[in-house]
Structure formats: C-alpha cells, structure tokens
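Asker: Input file: input-v6.cif. Contents: mmCIF, C-alpha atoms and all ligand atoms.
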```cif
data_coords
loop_
_atom_site.label_atom_id
_atom_site.label_comp_id
_atom_site.auth_asym_id
_atom_site.auth_seq_id
_atom_site.Cartn_x
_atom_site.Cartn_y
_atom_site.Cartn_z
CA MET A 229 35.65 183.29 -78.78
CA THR A 230 35.71 186.45 -76.68
CA GLU A 231 33.69 186.65 -73.52
CA PRO A 232 31.05 189.38 -73.36
CA ALA A 233 31.71 192.25 -70.94
CA SER A 234 28.09 192.53 -69.89
CA LEU A 235 24.73 190.77 -69.60
CA GLN A 236 21.42 192.29 -70.68
CA THR A 237 18.83 192.18 -67.90
CA PRO A 238 15.34 193.76 -67.58
CA SER A 239 16.95 196.48 -65.42
CA GLY A 240 19.75 197.25 -67.88
CA ALA A 241 23.21 195.92 -68.64
CA LEU A 242 25.25 194.31 -65.92
CA HIS A 243 28.92 195.04 -66.69
CA TYR A 244 31.71 192.76 -65.45
CA PRO A 245 33.59 192.26 -63.28
CA VAL A 246 31.08 193.22 -60.64
CA TYR A 247 30.80 192.95 -56.86
CA LEU A 248 27.26 192.79 -55.44
CA PRO A 249 26.61 193.61 -51.81
CA ASP A 250 24.18 191.29 -50.05
CA ALA A 251 20.83 192.97 -49.50
CA THR A 252 19.53 189.75 -48.02
CA PHE A 253 16.14 191.01 -46.78
CA GLY A 254 15.88 193.71 -49.44
CA VAL A 255 18.28 196.13 -47.74
CA VAL A 256 22.04 196.56 -47.42
CA ARG A 257 22.06 197.36 -43.72
CA GLY A 258 22.46 201.03 -42.94
CA VAL A 259 22.35 202.43 -46.48
CA ASP A 260 19.64 203.19 -49.04
CA ALA A 261 19.42 202.88 -52.82
CA ARG A 262 20.82 206.40 -53.33
CA ASP A 263 23.83 205.64 -51.11
CA LEU A 264 24.47 202.41 -53.05
CA GLN A 265 24.51 204.27 -56.35
CA ASP A 266 26.75 206.99 -54.89
CA CYS A 267 29.21 204.17 -54.17
CA ARG A 268 28.84 203.00 -57.83
CA VAL A 269 27.22 199.74 -56.79
CA ARG A 270 25.83 198.32 -60.05
CA ALA A 271 23.71 195.44 -58.72
CA VAL A 272 22.74 193.73 -55.47
CA VAL A 273 21.91 190.19 -54.34
CA MET A 274 18.72 189.53 -52.42
CA ASN A 275 17.68 186.20 -50.97
CA THR A 276 14.65 184.08 -51.84
CA TYR A 277 14.83 182.08 -48.59
CA HIS A 278 14.89 185.14 -46.33
CA LEU A 279 12.37 187.22 -48.31
CA MET A 280 9.79 184.39 -48.29
CA GLN A 281 9.91 184.60 -44.47
CA LYS A 282 10.19 188.38 -44.13
CA PRO A 283 8.30 190.31 -45.38
CA GLY A 284 6.84 187.37 -47.40
CA ALA A 285 6.26 187.09 -51.14
CA THR A 286 2.72 188.57 -51.09
CA THR A 287 4.00 191.65 -49.24
CA VAL A 288 6.91 192.09 -51.66
CA GLN A 289 4.38 191.91 -54.50
CA ALA A 290 2.00 194.34 -52.77
CA LEU A 291 4.91 196.79 -52.49
CA GLY A 292 5.50 196.56 -56.24
CA GLY A 293 8.32 193.98 -56.32
CA LEU A 294 11.90 194.22 -55.08
CA HIS A 295 12.96 197.16 -57.27
CA GLN A 296 10.05 199.38 -56.28
CA MET A 297 10.12 198.26 -52.64
CA SER A 298 13.81 199.11 -52.21
CA ALA A 299 13.92 201.98 -54.77
CA PHE A 300 16.89 200.27 -56.39
CA PRO A 301 16.57 200.58 -60.19
CA LEU A 302 19.61 198.52 -61.22
CA PRO A 303 19.86 194.71 -61.64
CA ILE A 304 18.90 192.49 -58.72
CA ILE A 305 20.07 188.89 -58.48
CA THR A 306 18.05 186.68 -56.17
CA ASP A 307 19.84 183.75 -54.61
CA SER A 308 17.77 180.55 -54.58
CA GLY A 309 17.98 180.00 -50.83
CA GLY A 310 19.42 176.50 -51.29
CA PHE A 311 22.59 177.44 -49.42
CA GLN A 312 20.71 179.01 -46.48
CA ALA A 313 18.29 176.07 -46.16
CA TYR A 314 21.24 173.68 -46.31
CA SER A 315 23.07 175.65 -43.60
CA LEU A 316 19.98 175.61 -41.36
CA ILE A 317 19.41 171.87 -41.76
CA ARG A 318 23.12 171.11 -41.35
CA GLN A 319 22.99 172.98 -38.03
CA SER A 320 20.25 170.63 -36.80
CA ALA A 321 17.94 168.11 -38.51
CA ARG A 322 15.06 169.37 -36.36
CA PHE A 323 14.95 172.55 -38.47
CA GLY A 324 13.92 170.68 -41.61
CA LYS A 325 14.73 168.14 -44.26
CA MET A 326 15.78 167.87 -47.88
CA THR A 327 14.11 165.31 -50.13
CA ASP A 328 14.04 164.76 -53.89
CA ASN A 329 10.94 166.91 -54.03
CA GLY A 330 12.52 169.94 -52.35
CA ILE A 331 13.40 171.48 -49.00
CA SER A 332 11.02 171.92 -46.09
CA PHE A 333 12.13 173.91 -43.07
CA ARG A 334 10.95 175.65 -39.95
CA PRO A 335 13.47 178.26 -38.72
CA GLU A 336 14.08 178.49 -34.98
CA GLY A 337 11.36 180.55 -33.28
CA SER A 338 9.03 180.35 -36.30
CA GLN A 339 5.57 178.77 -36.07
CA ARG A 340 5.41 178.38 -39.81
CA LYS A 341 6.76 175.58 -41.97
CA PHE A 342 8.14 176.64 -45.35
CA ASP A 343 8.47 174.53 -48.47
CA LEU A 344 10.95 175.34 -51.18
CA THR A 345 10.61 173.17 -54.27
CA PRO A 346 12.41 173.97 -57.54
CA GLU A 347 9.11 175.20 -59.04
CA LYS A 348 8.24 177.35 -56.02
CA CYS A 349 11.76 178.80 -55.95
CA VAL A 350 11.43 180.03 -59.56
CA GLN A 351 7.85 181.27 -59.00
CA LEU A 352 8.98 183.34 -56.00
CA GLN A 353 11.87 184.90 -57.89
CA PHE A 354 9.50 185.82 -60.75
CA ARG A 355 7.06 187.36 -58.30
CA TYR A 356 9.83 189.36 -56.66
CA GLY A 357 10.71 190.86 -60.08
CA SER A 358 14.28 189.59 -60.00
CA ASP A 359 16.59 190.23 -62.99
CA ILE A 360 18.75 187.14 -62.52
CA LEU A 361 17.17 184.07 -60.95
CA ILE A 362 19.26 181.26 -59.50
CA ALA A 363 18.08 177.66 -59.79
CA LEU A 364 17.57 175.73 -56.56
CA ASP A 365 20.52 173.45 -55.82
CA ASP A 366 21.48 170.89 -53.20
CA CYS A 367 24.44 172.49 -51.48
CA THR A 368 27.31 170.60 -49.79
CA HIS A 369 30.51 171.32 -47.88
CA SER A 370 33.77 170.28 -49.52
CA ASP A 371 34.42 167.95 -46.53
CA ASP A 372 31.16 166.00 -47.04
CA SER A 373 31.51 162.34 -48.11
CA LEU A 374 31.66 161.21 -51.73
CA THR A 375 28.22 159.58 -51.34
CA GLU A 376 26.72 162.89 -50.17
CA GLN A 377 28.41 164.75 -53.03
CA LYS A 378 27.00 162.26 -55.56
CA ILE A 379 23.48 162.62 -54.17
CA SER A 380 23.89 166.43 -54.24
CA VAL A 381 24.99 166.48 -57.89
CA GLU A 382 22.21 164.15 -59.06
CA ARG A 383 19.61 166.16 -57.15
CA THR A 384 21.03 169.50 -58.33
CA ILE A 385 20.71 168.32 -61.95
CA ARG A 386 17.12 167.09 -61.48
CA TRP A 387 16.17 170.32 -59.70
CA ALA A 388 17.89 172.40 -62.42
CA LYS A 389 15.71 170.68 -65.07
CA ARG A 390 12.56 171.40 -63.07
CA CYS A 391 13.63 175.04 -62.51
CA LYS A 392 14.25 175.52 -66.24
CA ALA A 393 10.88 173.97 -67.14
CA GLU A 394 9.08 176.24 -64.67
CA TYR A 395 11.03 179.27 -65.89
CA ASN A 396 10.01 178.50 -69.52
CA ARG A 397 6.38 177.98 -68.46
CA LEU A 398 6.23 181.32 -66.61
CA LEU A 399 7.95 183.18 -69.45
CA SER A 400 5.46 181.82 -71.98
CA GLN A 401 2.57 182.94 -69.73
CA HIS A 402 4.06 186.38 -69.03
CA PRO A 403 6.19 187.45 -72.02
CA ARG A 404 8.50 190.40 -71.30
CA PRO A 405 10.44 192.73 -73.60
CA VAL A 406 13.71 191.73 -71.90
CA LYS A 407 13.53 188.40 -70.15
CA PRO A 408 14.96 187.81 -66.71
CA LEU A 409 17.92 185.43 -66.78
CA LEU A 410 18.36 182.06 -65.13
CA PHE A 411 21.64 180.79 -63.67
CA GLY A 412 22.48 177.17 -62.77
CA VAL A 413 24.80 176.20 -59.92
CA VAL A 414 27.66 173.71 -60.37
CA GLN A 415 27.99 171.39 -57.37
CA GLY A 416 30.36 168.44 -56.84
CA GLY A 417 32.45 169.37 -53.78
CA SER A 418 36.14 168.57 -54.21
CA HIS A 419 35.57 165.85 -56.82
CA PRO A 420 36.59 166.89 -60.33
CA GLU A 421 34.55 164.13 -62.00
CA LEU A 422 31.39 165.21 -60.14
CA ARG A 423 31.98 168.87 -61.00
CA ARG A 424 32.34 167.82 -64.66
CA GLN A 425 29.18 165.69 -64.56
CA CYS A 426 27.23 168.60 -63.03
CA ALA A 427 28.61 171.23 -65.44
CA ASP A 428 27.93 169.06 -68.53
CA ALA A 429 24.35 168.33 -67.45
CA LEU A 430 23.63 172.01 -66.66
CA LEU A 431 25.08 173.11 -70.01
CA GLU A 432 22.80 170.65 -71.76
CA ILE A 433 19.73 171.98 -69.90
CA GLY A 434 20.81 175.49 -70.90
CA PHE A 435 21.33 178.50 -68.60
CA ASP A 436 22.31 182.15 -69.11
CA GLY A 437 25.15 181.90 -66.60
CA PHE A 438 26.48 179.67 -63.87
CA GLY A 439 27.53 179.81 -60.24
CA PHE A 440 30.27 178.00 -58.32
CA GLY A 441 28.27 176.00 -55.78
CA GLY A 442 29.14 174.73 -52.33
CA TRP A 443 31.22 176.27 -49.60
CA PRO A 444 34.17 177.89 -51.46
CA LEU A 445 36.71 177.57 -48.61
CA ASP A 446 38.44 174.54 -47.07
CA SER A 447 38.42 173.81 -43.32
CA GLN A 448 41.46 176.14 -42.90
CA GLY A 449 39.62 178.99 -44.61
CA ASN A 450 41.67 178.76 -47.83
CA LEU A 451 40.02 179.31 -51.18
CA LEU A 452 39.39 176.03 -53.10
CA THR A 453 41.44 177.41 -56.00
CA GLU A 454 41.78 174.14 -57.94
CA MET A 455 38.05 173.44 -57.99
CA ILE A 456 37.22 177.07 -58.74
CA ALA A 457 39.64 176.99 -61.72
CA LEU A 458 38.26 173.63 -62.88
CA VAL A 459 34.67 174.89 -62.97
CA ARG A 460 35.80 177.88 -65.05
CA ALA A 461 37.49 175.46 -67.47
CA LEU A 462 34.31 173.35 -67.67
CA ILE A 463 32.02 176.29 -68.49
CA PRO A 464 32.60 177.85 -71.94
CA PRO A 465 33.94 181.43 -71.74
CA GLN A 466 30.84 183.05 -73.26
CA TYR A 467 28.93 182.28 -70.05
CA PRO A 468 29.46 184.47 -66.96
CA LEU A 469 30.46 182.71 -63.76
CA HIS A 470 29.29 183.88 -60.36
CA ALA A 471 31.61 183.14 -57.43
CA LEU A 472 28.72 182.77 -54.99
CA GLY A 473 29.47 184.09 -51.52
CA ILE A 474 33.02 185.18 -52.38
CA GLY A 475 33.70 188.78 -51.35
CA HIS A 476 36.98 188.98 -49.46
CA PRO A 477 38.91 191.48 -51.63
CA VAL A 478 41.91 189.15 -52.06
CA ASN A 479 39.64 186.23 -53.03
CA VAL A 480 37.72 188.45 -55.47
CA ALA A 481 41.03 189.33 -57.18
CA ARG A 482 42.09 185.65 -57.26
CA CYS A 483 38.77 184.48 -58.73
CA SER A 484 38.81 187.35 -61.22
CA ALA A 485 42.25 186.18 -62.37
CA LEU A 486 40.73 182.70 -62.82
CA GLY A 487 38.01 184.12 -65.09
CA TYR A 488 35.07 184.72 -62.73
CA GLN A 489 32.96 187.83 -63.32
CA ILE A 490 30.35 188.13 -60.56
CA PHE A 491 31.01 188.26 -56.80
CA ASP A 492 28.79 188.72 -53.79
CA SER A 493 29.31 188.61 -50.07
CA ALA A 494 28.09 190.24 -46.90
CA MET A 495 31.67 190.42 -45.62
CA PRO A 496 32.66 193.95 -46.76
CA THR A 497 29.56 195.57 -45.24
CA ARG A 498 29.73 193.44 -42.09
CA ASP A 499 33.42 194.31 -41.68
CA ALA A 500 32.52 198.00 -42.04
CA ARG A 501 29.93 197.79 -39.26
CA HIS A 502 32.50 196.04 -37.04
CA GLY A 503 35.13 198.73 -37.61
CA ARG A 504 37.32 196.99 -40.18
CA LEU A 505 37.75 199.37 -43.11
CA TYR A 506 39.51 198.46 -46.36
CA THR A 507 42.21 200.54 -48.02
CA PHE A 508 44.62 200.05 -50.92
CA GLN A 509 48.27 199.99 -49.97
CA GLY A 510 50.03 201.98 -52.71
CA GLN A 511 48.59 202.12 -56.23
CA PRO A 512 48.26 198.46 -57.26
CA THR A 513 47.80 197.76 -60.98
CA ARG A 514 45.54 195.00 -62.26
CA GLN A 515 48.54 192.68 -62.49
CA ASP A 516 49.56 193.55 -58.92
CA LEU A 517 46.05 192.64 -57.74
CA PHE A 518 46.27 189.31 -59.57
CA GLN A 519 49.79 188.35 -58.59
CA LYS A 520 50.92 190.15 -55.47
CA ASP A 521 49.98 190.21 -51.81
CA GLY A 522 50.03 193.17 -49.48
CA TRP A 523 47.82 195.58 -51.48
CA LEU A 524 44.97 195.34 -48.97
CA LYS A 525 45.43 197.18 -45.68
CA TYR A 526 42.86 197.21 -42.91
CA VAL A 527 42.12 200.31 -40.86
CA TYR A 528 40.65 199.36 -37.47
CA ILE A 529 38.74 202.55 -36.75
CA GLN A 530 38.24 201.83 -33.02
CA ASP A 531 42.01 201.99 -32.56
CA GLU A 532 43.01 204.88 -30.23
CA LEU A 533 45.58 206.07 -32.76
CA HIS A 534 42.71 207.44 -34.90
CA THR A 535 41.28 209.65 -32.14
CA LYS A 536 42.84 212.86 -33.44
CA ALA A 537 43.54 211.73 -37.02
CA ASP A 538 42.22 214.38 -39.41
CA GLN A 539 42.88 212.47 -42.65
CA PRO A 540 40.20 210.42 -44.45
CA ILE A 541 40.08 206.61 -44.22
CA GLU A 542 42.01 206.49 -47.50
CA SER A 543 43.39 209.62 -49.13
CA GLY A 544 42.88 208.33 -52.70
CA CYS A 545 39.26 207.26 -52.12
CA ASP A 546 36.46 209.22 -53.82
CA CYS A 547 33.63 207.81 -51.66
CA PRO A 548 31.20 210.25 -50.00
CA THR A 549 32.67 209.40 -46.58
CA CYS A 550 36.29 210.10 -47.51
CA GLN A 551 35.22 213.32 -49.31
CA HIS A 552 33.80 214.84 -46.13
CA TYR A 553 34.88 213.05 -42.95
CA SER A 554 38.05 212.22 -41.06
CA ARG A 555 39.14 209.01 -39.36
CA GLY A 556 38.92 210.87 -36.07
CA TYR A 557 35.26 211.74 -36.59
CA LEU A 558 34.42 208.14 -37.59
CA HIS A 559 36.27 206.91 -34.51
CA HIS A 560 34.12 209.27 -32.43
CA LEU A 561 30.86 208.16 -34.14
CA GLN A 562 31.73 204.52 -33.57
CA ASP A 563 32.53 205.24 -29.93
CA LEU A 564 29.04 206.78 -29.61
CA ASP A 565 27.56 203.78 -31.47
CA ASP A 566 25.77 206.35 -33.61
CA HIS A 567 23.80 205.11 -36.64
CA LEU A 568 25.70 207.51 -38.87
CA TYR A 569 28.86 205.48 -38.24
CA TYR A 570 27.29 202.39 -39.83
CA ARG A 571 26.21 204.32 -42.91
CA LEU A 572 29.51 206.13 -43.48
CA ALA A 573 31.68 203.05 -42.83
CA THR A 574 29.50 200.86 -45.08
CA MET A 575 29.69 203.40 -47.89
CA HIS A 576 33.48 203.47 -47.73
CA ASN A 577 33.87 199.67 -47.89
CA LEU A 578 31.32 199.46 -50.71
CA ARG A 579 33.23 202.03 -52.73
CA PHE A 580 36.45 200.14 -51.99
CA MET A 581 34.86 197.02 -53.53
CA THR A 582 33.59 198.89 -56.60
CA ARG A 583 37.01 200.56 -57.02
CA LEU A 584 38.55 197.08 -56.79
CA THR A 585 36.34 195.66 -59.55
CA GLU A 586 36.92 198.78 -61.66
CA LYS A 587 40.68 198.13 -61.37
CA LEU A 588 40.19 194.41 -62.13
CA GLY A 589 38.21 195.26 -65.25
CA ALA A 590 40.47 198.09 -66.42
CA GLY A 591 42.63 196.00 -68.77
CA ASP A 592 46.40 195.88 -68.76
ZN ZN A 601 36.30 206.13 -48.81
#
```
Can I see the file as structure tokens?

Answerer:
Amino acid sequence: MTEPASLQTPSGALHYPVYLPDATFGVVRGVDARDLQDCRVRAVVMNTYHLMQKPGATTVQALGGLHQMSAFPLPIITDSGGFQAYSLIRQSARFGKMTDNGISFRPEGSQRKFDLTPEKCVQLQFRYGSDILIALDDCTHSDDSLTEQKISVERTIRWAKRCKAEYNRLLSQHPRPVKPLLFGVVQGGSHPELRRQCADALLEIGFDGFGFGGWPLDSQGNLLTEMIALVRALIPPQYPLHALGIGHPVNVARCSALGYQIFDSAMPTRDARHGRLYTFQGQPTRQDLFQKDGWLKYVYIQDELHTKADQPIESGCDCPTCQHYSRGYLHHLQDLDDHLYYRLATMHNLRFMTRLTEKLGAGD
C-alpha cells in the first residue's frame, strides 16, 4: 500500500512532508498571512488552550473564525491544549488538576478557571473553524513512572472515544462539503507495550491521522528515536503521522526518514527572533539530509563579523529577506531592536524550513 502524499481538508489539500509554524494565539509573531505565504508556508498550528483564554472562543467566532481572523486561507491545525495544560499542572498543582472527566486549570495571574473536557475541546475546535482537530490526550514525560504512563494511556483512550463521539455528533448537526479531520494522539512514554495498546485502541476508534504524543526528547535532549520509529510501525502507512512539537531541522529530517509527514514547532521562529538564523551548508540531497550531519549551519546575526557583510543570510535562499537585504543590514536592525528585524529574520527561517521539507519530499 502506498501512502498518500496529501490530505484533503476544508481549506484545500495539505501536501507532505510539511512543517507548520506555531501561530499559538492566532499569529506567528512578527509576520502576517501574506508573509507566511511568501515563505511558502502551507499550513499553521494554532492552540485550543491559548485561544480559549485569549481572545476567547466567542471573540474568535465573532471575528469569523480562525481563517478570517488571521486572513490565512490555507489549512489550520488546532492542537488540543492537552500538552499545555499538562505542562502548567506539572509546573505546580496549584494551577489545576486532571481527572477522568477532563482538565481544569487557572493560569497564573488569571481570575478565571477554565475547564477542558474532551467534548469541550472538540466543540472549541469546531467553533474556531479548524481544518484538522486534535483529540484531547493525557500527556506525560518519558521519565514519568510506569503507573503514570498506564493511567495516561487508559485516559487518553477514553478521552479519544469521547472526542470521536462529539466530533460525529457535531458533524451530523452541521454537515459540511469537506469535513474537518480528527487526529488521535499515541501516548505511552518509553514503554513499547503501552504505545502498542494506545495505537491499537485509537485505530479501532478510527481517526484520520495520528500524532506522536508526550515529550519527544529524553532528559539529555536527544530525540526518542526508538519510540518514534515504533509508533510509525504501529500506525498503518496510509495514515499521516504528526511529530507534535518537533521542529529542529535535524530532528525534522530524522523523523521524516522514519516516515513522519507533519511537523510543528515554535523553535525556528523563536530562534530567528533571538538572532539564530538557519542556513544549508553545501547542497545537501535528500539522502544527505537523512543520513549525514553537518548540513545545518547557524548564522548568529549579532556577531560583529556581520557588521559590514554585504551578502545575504544564505546566497542560495529565495526568501524575501535574502532577495533584498544583507547580513550587515539585519545586524544593524537587530542592534536597533527594530521590529523589521523580527519580521525579516522570521521570514528567512520559515523559508529555510519550507525549503527543507521541499527537499525531504523531492524524491531520490
Ligand atoms: Zn533567506
């Protein structure tokens, strides 16, 4: 069986492999929808957990949904918020709690308590007008105990069933010409048998695609390659797999080699704002990206050596920044802390990521 190269969504086809910048609150910081498309960004990820706090679901709806609000016409994936709620509660129990019914939380400085049940999570994503919804899951860290991992998997499966039921109910009430898609998230930490149990149960419930759940790095910051490969082996190839939160260029290439198609992370845009710009060293082929190291070279734009440099960030880059501006000018803009620096740097790193996925999908 051959895997499909794209998914049909209400906002058009989503071709793989694809990197999605994180537009957590409905914006990729510093750039607008036109800039994103100029960098050949084909989809973005927004976040249910953050959007329910700011600007709030009723405001998003009043502004016409996420696509109209942000003027971004291409597919939007909304993350369930399970990972963010988990991170908040893991930081301190006083911020909230997770029960079988769902997650309740009160972020620091907020007067309001929020409840995120599986049903509410799907309802919000429908109201936002998302193209790909992600089912609420109970996230863990790979270092958490076996008992915690077992609870997480059992809860993730129960929540996945409730999400699917709510998704079916809403679709039957509001039929659409092209239905939004629903992804399930495979949990299980570093335990192969739990990953298998979770994947089998989610496949039985039935989803349009799947995500690799849990923190994808070990305590030393290394990619959990074995588990990532195992989950790919557990999910039949006709289903796309989303490497949730994975966006370091080298990790994107590694996961692509393992058969993952969808990637998202705030790292490339955050690195751009902090002065770390990505360039290709040489002309790596797809096989080089899969097998070799050393093809990624950072340019630290604040470095004094760029003060009088009149060449672009990367001479082979076709991004709007490299077409018009020199390293020296970017160095100057960053020194001024001018807003234009953030936009131009972000556009370059975004185009680097889309060039990377174009190379990864180019065939041999
Ligand atoms: Zn560029």

Asker: Could you produce a table of the residues of chain A lying within 8 Å of ligand ZN 601 (chain A), with the nearest pair of atoms per residue and their separation in Å rounded to one decimal, using all atoms listed in the file, ordered by chain and increasing residue number, as CSV?

Answerer:
```
residue,atom,partner,partner_atom,distance
A:Pro540,CA,A:ZN601,ZN,7.3
A:Ile541,CA,A:ZN601,ZN,6.0
A:Glu542,CA,A:ZN601,ZN,5.9
A:Ser543,CA,A:ZN601,ZN,7.9
A:Gly544,CA,A:ZN601,ZN,8.0
A:Cys545,CA,A:ZN601,ZN,4.6
A:Asp546,CA,A:ZN601,ZN,5.9
A:Cys547,CA,A:ZN601,ZN,4.3
A:Pro548,CA,A:ZN601,ZN,6.7
A:Thr549,CA,A:ZN601,ZN,5.4
A:Cys550,CA,A:ZN601,ZN,4.2
A:Gln551,CA,A:ZN601,ZN,7.3
A:Met575,CA,A:ZN601,ZN,7.2
A:His576,CA,A:ZN601,ZN,4.0
A:Asn577,CA,A:ZN601,ZN,7.0
A:Arg579,CA,A:ZN601,ZN,6.4
A:Phe580,CA,A:ZN601,ZN,6.8
```

Asker: Measuring between only C-alpha atoms, which one of A:Leu316, A:Asp359, A:Thr286, A:Ile379 shows the shortest distance to A:Leu422?

Answerer: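 Checking each of A:Leu316, A:Asp359, A:Thr286, A:Ile379 against A:Leu422, counting only C-alpha atoms, the winner is A:Ile379.
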
Asker: For A:Val246, find every residue with an atom within 7 Å (counting only C-alpha atoms), except residues of its own chain fewer than 5 positions away, and show them as a ChimeraX atom specification.

Answerer: /A:489-491,585

Asker: Check the smallest atom-to-atom distance from each of A:Leu517, A:Ala485, A:Val414, A:Leu235 to A:Met455 using only C-alpha atoms, then report the winner.

Answerer: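 Closest to A:Met455 of all the choices is A:Val414.
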
Asker: Compile the contact shell of stretch 324-338 of chain A as number ranges by chain: residues with an atom at most 9 Å away, counting all atoms listed in the file, same-chain residues fewer than 2 positions apart removed.

Answerer: A: 310, 313-314, 316-317, 320-322, 340-346, 364, 366, 383, 386-387

Asker: Measure the distance from atom CA of A:Gly439 to atom CA of A:His243 in Å and round it to one decimal.

Answerer: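 Computing the Euclidean distance for atom CA of A:Gly439 and atom CA of A:His243 yields 16.6 Å.
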
Asker: In Å, rounded to a single decimal, give me how far atom CA of A:Leu445 is from atom CA of A:Ala388.

Answerer: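 Answer for the atom CA of A:Ala388 to atom CA of A:Leu445 separation: 23.9 Å.
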
Asker: As an exercise, work out the distance from atom CA of A:Cys349 to atom CA of A:Ser315 in Å and give it to one decimal place.

Answerer: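 So the two atoms, atom CA of A:Cys349 and atom CA of A:Ser315, lie 17.0 Å apart.
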
Asker: Find the residues around A:Gly292 up to 9 Å (only C-alpha atoms counted), leave out those fewer than 4 positions away in its own chain, and share them as a list of chain:residue names.

Answerer: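 Contacts, in chain order: A:Thr287, A:Val288, A:Gln296, A:Met297, A:Tyr356, A:Gly357.
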
Asker: Axis-aligned box over every listed atom of stretch 483-490 of chain A, padded by 3 Å per side: centre and edges in Å to one decimal, as JSON?

Answerer:
```
{"center_x": 36.3, "center_y": 185.4, "center_z": -61.9, "size_x": 17.9, "size_y": 11.4, "size_z": 12.4}
```

Asker: Report as a PyMOL selection string all protein, DNA and RNA residues lying within 12 Å of A:Met581, evaluated on only C-alpha atoms, omitting residues in the same chain fewer than 4 positions from it.

Answerer: chain A and resi 245-249+264+267-270+475-481+491-497+500+505-508+524+545+547+574-577+585-588

Asker: Tell me which of A:Gly293, A:Arg423, A:Ile385, A:Leu452 sits closest to A:Asp371, counting only C-alpha atoms.

Answerer: A:Leu452

Asker: Which one is closest to A:Gln339: A:Gln511, A:Ile362, A:Gln281, A:Pro303? Count only C-alpha atoms.

Answerer: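 Ranked by minimum distance to A:Gln339, first place goes to A:Gln281.
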
Asker: From the list A:Gly503, A:Gly442, A:Gly473, A:Gly417, which residue is nearest A:Leu561 when using all atoms listed in the file?

Answerer: A:Gly503

Asker: When distances are computed from all atoms listed in the file, which of A:Phe354, A:Tyr488, A:Phe300, A:Tyr244 shows the smallest separation from A:Ala285?

Answerer: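 Smallest separation from A:Ala285 among the options: A:Phe354.
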